[in-house]
$ cat run07.pdb   # PDB, C-alpha atoms
MODEL        1
ATOM      1  CA  MET E  89     107.285 105.484 122.169
ATOM      2  CA  ALA E  90     105.909 108.641 120.533
ATOM      3  CA  PHE E  91     108.083 110.943 122.641
ATOM      4  CA  GLU E  92     111.139 108.834 121.792
ATOM      5  CA  GLU E  93     110.508 109.589 118.108
ATOM      6  CA  VAL E  94     111.222 113.264 118.750
ATOM      7  CA  GLY E  95     114.104 112.720 121.164
ATOM      8  CA  ILE E  96     112.272 113.267 124.453
ATOM      9  CA  GLU E  97     112.876 110.869 127.329
ATOM     10  CA  LEU E  98     110.134 110.517 129.942
ATOM     11  CA  GLU E  99     110.169 109.484 133.570
ATOM     12  CA  PHE E 100     106.956 108.050 135.026
ATOM     13  CA  GLU E 101     105.853 108.625 138.601
ATOM     14  CA  SER E 102     103.099 107.123 140.755
ATOM     15  CA  GLU E 103     100.594 104.514 139.536
ATOM     16  CA  GLY E 104      97.033 104.142 138.297
ATOM     17  CA  GLU E 105      94.989 107.334 138.042
ATOM     18  CA  ASN E 106      97.801 109.345 139.647
ATOM     19  CA  GLU E 107     100.487 108.282 137.164
ATOM     20  CA  THR E 108     102.264 111.075 135.305
ATOM     21  CA  GLY E 109     104.994 111.248 132.695
ATOM     22  CA  LYS E 110     107.527 114.055 133.073
ATOM     23  CA  VAL E 111     110.308 115.169 130.765
ATOM     24  CA  LYS E 112     113.562 113.625 131.926
ATOM     25  CA  ALA E 113     115.776 114.664 128.992
ATOM     26  CA  CYS E 114     115.567 116.288 125.564
ATOM     27  CA  ASN E 115     118.144 115.567 122.920
ATOM     28  CA  ASP E 116     116.656 116.736 119.640
ATOM     29  CA  LYS E 117     115.124 119.863 118.109
ATOM     30  CA  PHE E 118     111.999 119.588 120.286
ATOM     31  CA  ARG E 119     112.929 121.130 123.626
ATOM     32  CA  LEU E 120     110.729 120.991 126.702
ATOM     33  CA  PRO E 121     111.732 122.074 130.196
ATOM     34  CA  ILE E 122     112.996 119.170 132.307
ATOM     35  CA  GLY E 123     110.349 118.131 134.838
ATOM     36  CA  THR E 124     107.380 119.311 132.742
ATOM     37  CA  THR E 125     104.388 116.954 133.020
ATOM     38  CA  VAL E 126     103.442 115.892 129.492
ATOM     39  CA  VAL E 127     101.385 112.749 130.190
ATOM     40  CA  LYS E 128      98.722 112.196 132.816
ATOM     41  CA  VAL E 129      95.547 110.188 133.287
ATOM     42  CA  ASP E 130      92.290 111.981 132.514
ATOM     43  CA  PRO E 131      89.226 110.089 133.811
ATOM     44  CA  GLN E 132      87.084 112.051 131.332
ATOM     45  CA  TYR E 133      88.267 109.635 128.647
ATOM     46  CA  TYR E 134      87.350 106.440 130.500
ATOM     47  CA  ARG E 135      84.859 104.274 128.668
ATOM     48  CA  PRO E 136      81.872 103.195 130.776
ATOM     49  CA  THR E 137      82.367  99.519 129.950
ATOM     50  CA  GLU E 138      86.176  99.478 130.084
ATOM     51  CA  VAL E 139      87.716  96.086 130.782
ATOM     52  CA  ASP E 140      90.724  95.680 133.065
ATOM     53  CA  LEU E 141      92.631  93.415 130.693
ATOM     54  CA  LEU E 142      92.167  93.169 126.945
ATOM     55  CA  ILE E 143      94.302  90.711 125.015
ATOM     56  CA  GLY E 144      94.105  90.329 121.254
ATOM     57  CA  ASP E 145      95.115  87.147 119.487
ATOM     58  CA  ALA E 146      95.526  87.066 115.708
ATOM     59  CA  THR E 147      96.256  83.326 115.566
ATOM     60  CA  LYS E 148      92.937  82.461 113.923
ATOM     61  CA  ALA E 149      93.417  85.113 111.221
ATOM     62  CA  ARG E 150      96.940  83.858 110.561
ATOM     63  CA  GLU E 151      95.890  80.203 110.368
ATOM     64  CA  LYS E 152      92.570  80.436 108.513
ATOM     65  CA  LEU E 153      93.189  83.482 106.322
ATOM     66  CA  ALA E 154      96.971  83.329 105.930
ATOM     67  CA  TRP E 155      97.026  86.886 107.224
ATOM     68  CA  ALA E 156     100.185  88.535 108.434
ATOM     69  CA  PRO E 157     100.603  92.079 109.737
ATOM     70  CA  LYS E 158     102.408  94.453 107.384
ATOM     71  CA  HIS E 159     103.314  97.040 110.009
ATOM     72  CA  THR E 160     104.661  96.892 113.527
ATOM     73  CA  LEU E 161     103.431  99.106 116.356
ATOM     74  CA  ALA E 162     106.738 100.992 116.196
ATOM     75  CA  ASP E 163     106.256 101.621 112.448
ATOM     76  CA  MET E 164     102.735 102.982 113.002
ATOM     77  CA  ILE E 165     103.901 105.288 115.791
ATOM     78  CA  LYS E 166     106.770 106.575 113.641
ATOM     79  CA  GLU E 167     104.342 107.339 110.772
ATOM     80  CA  MET E 168     101.763 109.003 113.036
ATOM     81  CA  VAL E 169     104.350 111.195 114.785
ATOM     82  CA  ALA E 170     105.849 112.235 111.426
ATOM     83  CA  SER E 171     102.374 113.244 110.237
ATOM     84  CA  ASP E 172     101.739 115.257 113.407
ATOM     85  CA  ILE E 173     105.097 117.026 113.073
ATOM     86  CA  THR E 174     104.339 117.954 109.458
ATOM     87  CA  LEU E 175     100.971 119.404 110.520
ATOM     88  CA  PHE E 176     102.563 121.256 113.455
ATOM     89  CA  GLU E 177     105.245 122.790 111.223
ATOM     90  CA  LYS E 178     102.621 123.870 108.665
ATOM     91  CA  GLN E 179     100.498 125.529 111.357
ATOM     92  CA  GLN E 180     103.529 127.214 112.895
ATOM     93  CA  PHE E 181     104.548 128.593 109.492
ATOM     94  CA  LEU E 182     101.052 129.962 108.885
ATOM     95  CA  ARG E 183     100.885 131.580 112.357
ATOM     96  CA  GLU E 184     104.293 133.203 111.873
ATOM     97  CA  ASN E 185     103.032 134.679 108.610
ATOM     98  CA  GLY E 186      99.900 136.257 110.047
ATOM     99  CA  TYR E 187      97.235 133.587 109.622
ATOM    100  CA  ASP E 188      94.815 132.645 112.394
ATOM    101  CA  ILE E 189      94.817 128.873 112.939
ATOM    102  CA  ARG E 190      91.953 127.152 114.767
ATOM    103  CA  ASN E 191      92.649 123.896 116.562
ATOM    104  CA  GLU E 192      89.954 121.597 115.189
ATOM    105  CA  PHE E 193      91.568 118.410 116.458
ATOM    106  CA  GLU E 194      90.624 118.680 120.140
TER     107      GLU E 194
ENDMDL
END
$ encode --input "run07.pdb" --output "structure tokens"
Amino acid sequence: MAFEEVGIELEFESEGENETGKVKACNDKFRLPIGTTVVKVDPQYYRPTEVDLLIGDATKAREKLAWAPKHTLADMIKEMVASDITLFEKQQFLRENGYDIRNEFE
């Protein structure tokens, strides 16, 4: 969903730990070479107590607290990608104007 926000279509290959996402098409200002792997599984990020299936159910919160979500998953992704793009553009501007930018987010 995040890649769709910037006009990049992915094609997934294989399954499980060998699954990868490669650029199938670009149709916006963010251009990546077709066939470039942009998503892959990294076992380094596995949690030691990971469960195979995790299902959340907000029924109790809705019934007992009259809670309702204000944002959809798509809305959150759109907001997060927009924030990342703003940060990327700021860093690119600074680099182009002679400033050294450290990547403190990895």
$ resolve_selection --input "run07.pdb" --expression "the PyMOL selection byres ((chain E and resi 115) around 6)" --output "number ranges by chain"
E: 95, 114, 116
$ closest_residue --input "run07.pdb" --among "E:Ile122, E:Ala90, E:Ala149, E:Leu142" --to "Leu161 in chain E" --atoms "only C-alpha atoms"
E:Ala90
$ atom_distance --input "run07.pdb" --atom1 "CA of Leu182 in chain E" --atom2 "CA of Thr124 in chain E"
26.9 Å
$ resolve_selection --input "run07.pdb" --expression "the PyMOL selection byres ((chain E and resi 167-172) around 12)" --output "list in words"
Met89, Ala90, Phe91, Glu92, Glu93, Val94, Gly95, His159, Thr160, Leu161, Ala162, Asp163, Met164, Ile165, Lys166, Ile173, Thr174, Leu175, Phe176, Glu177, Lys178, Gln179 and Phe193 of chain E
$ atom_distance --input "run07.pdb" --atom1 "CA of Asn106 in chain E" --atom2 "CA of Val129 in chain E"
6.8 Å
$ atom_distance --input "run07.pdb" --atom1 "CA of Val111 in chain E" --atom2 "CA of Gly123 in chain E"
5.0 Å
$ closest_residue --input "run07.pdb" --among "E:Lys148, E:Lys110, E:Phe181, E:Glu138" --to "Ile96 in chain E" --atoms "all atoms listed in the file"
E:Lys110
$ resolve_selection --input "run07.pdb" --expression "the PyMOL selection byres ((chain E and resi 128) around 8)" --output "mmCIF file with C-alpha atoms, in the coordinates of the input"
data_model
loop_
_atom_site.group_PDB
_atom_site.id
_atom_site.type_symbol
_atom_site.label_atom_id
_atom_site.label_comp_id
_atom_site.auth_asym_id
_atom_site.auth_seq_id
_atom_site.Cartn_x
_atom_site.Cartn_y
_atom_site.Cartn_z
ATOM 1 C CA ASN E 106 97.801 109.345 139.647
ATOM 2 C CA GLU E 107 100.487 108.282 137.164
ATOM 3 C CA THR E 108 102.264 111.075 135.305
ATOM 4 C CA GLY E 109 104.994 111.248 132.695
ATOM 5 C CA THR E 125 104.388 116.954 133.020
ATOM 6 C CA VAL E 126 103.442 115.892 129.492
ATOM 7 C CA VAL E 127 101.385 112.749 130.190
ATOM 8 C CA VAL E 129 95.547 110.188 133.287
ATOM 9 C CA ASP E 130 92.290 111.981 132.514
#
$ closest_residue --input "run07.pdb" --among "E:Glu151, E:Glu105, E:Asp140, E:Glu97" --to "Pro121 in chain E" --atoms "all atoms listed in the file"
E:Glu97
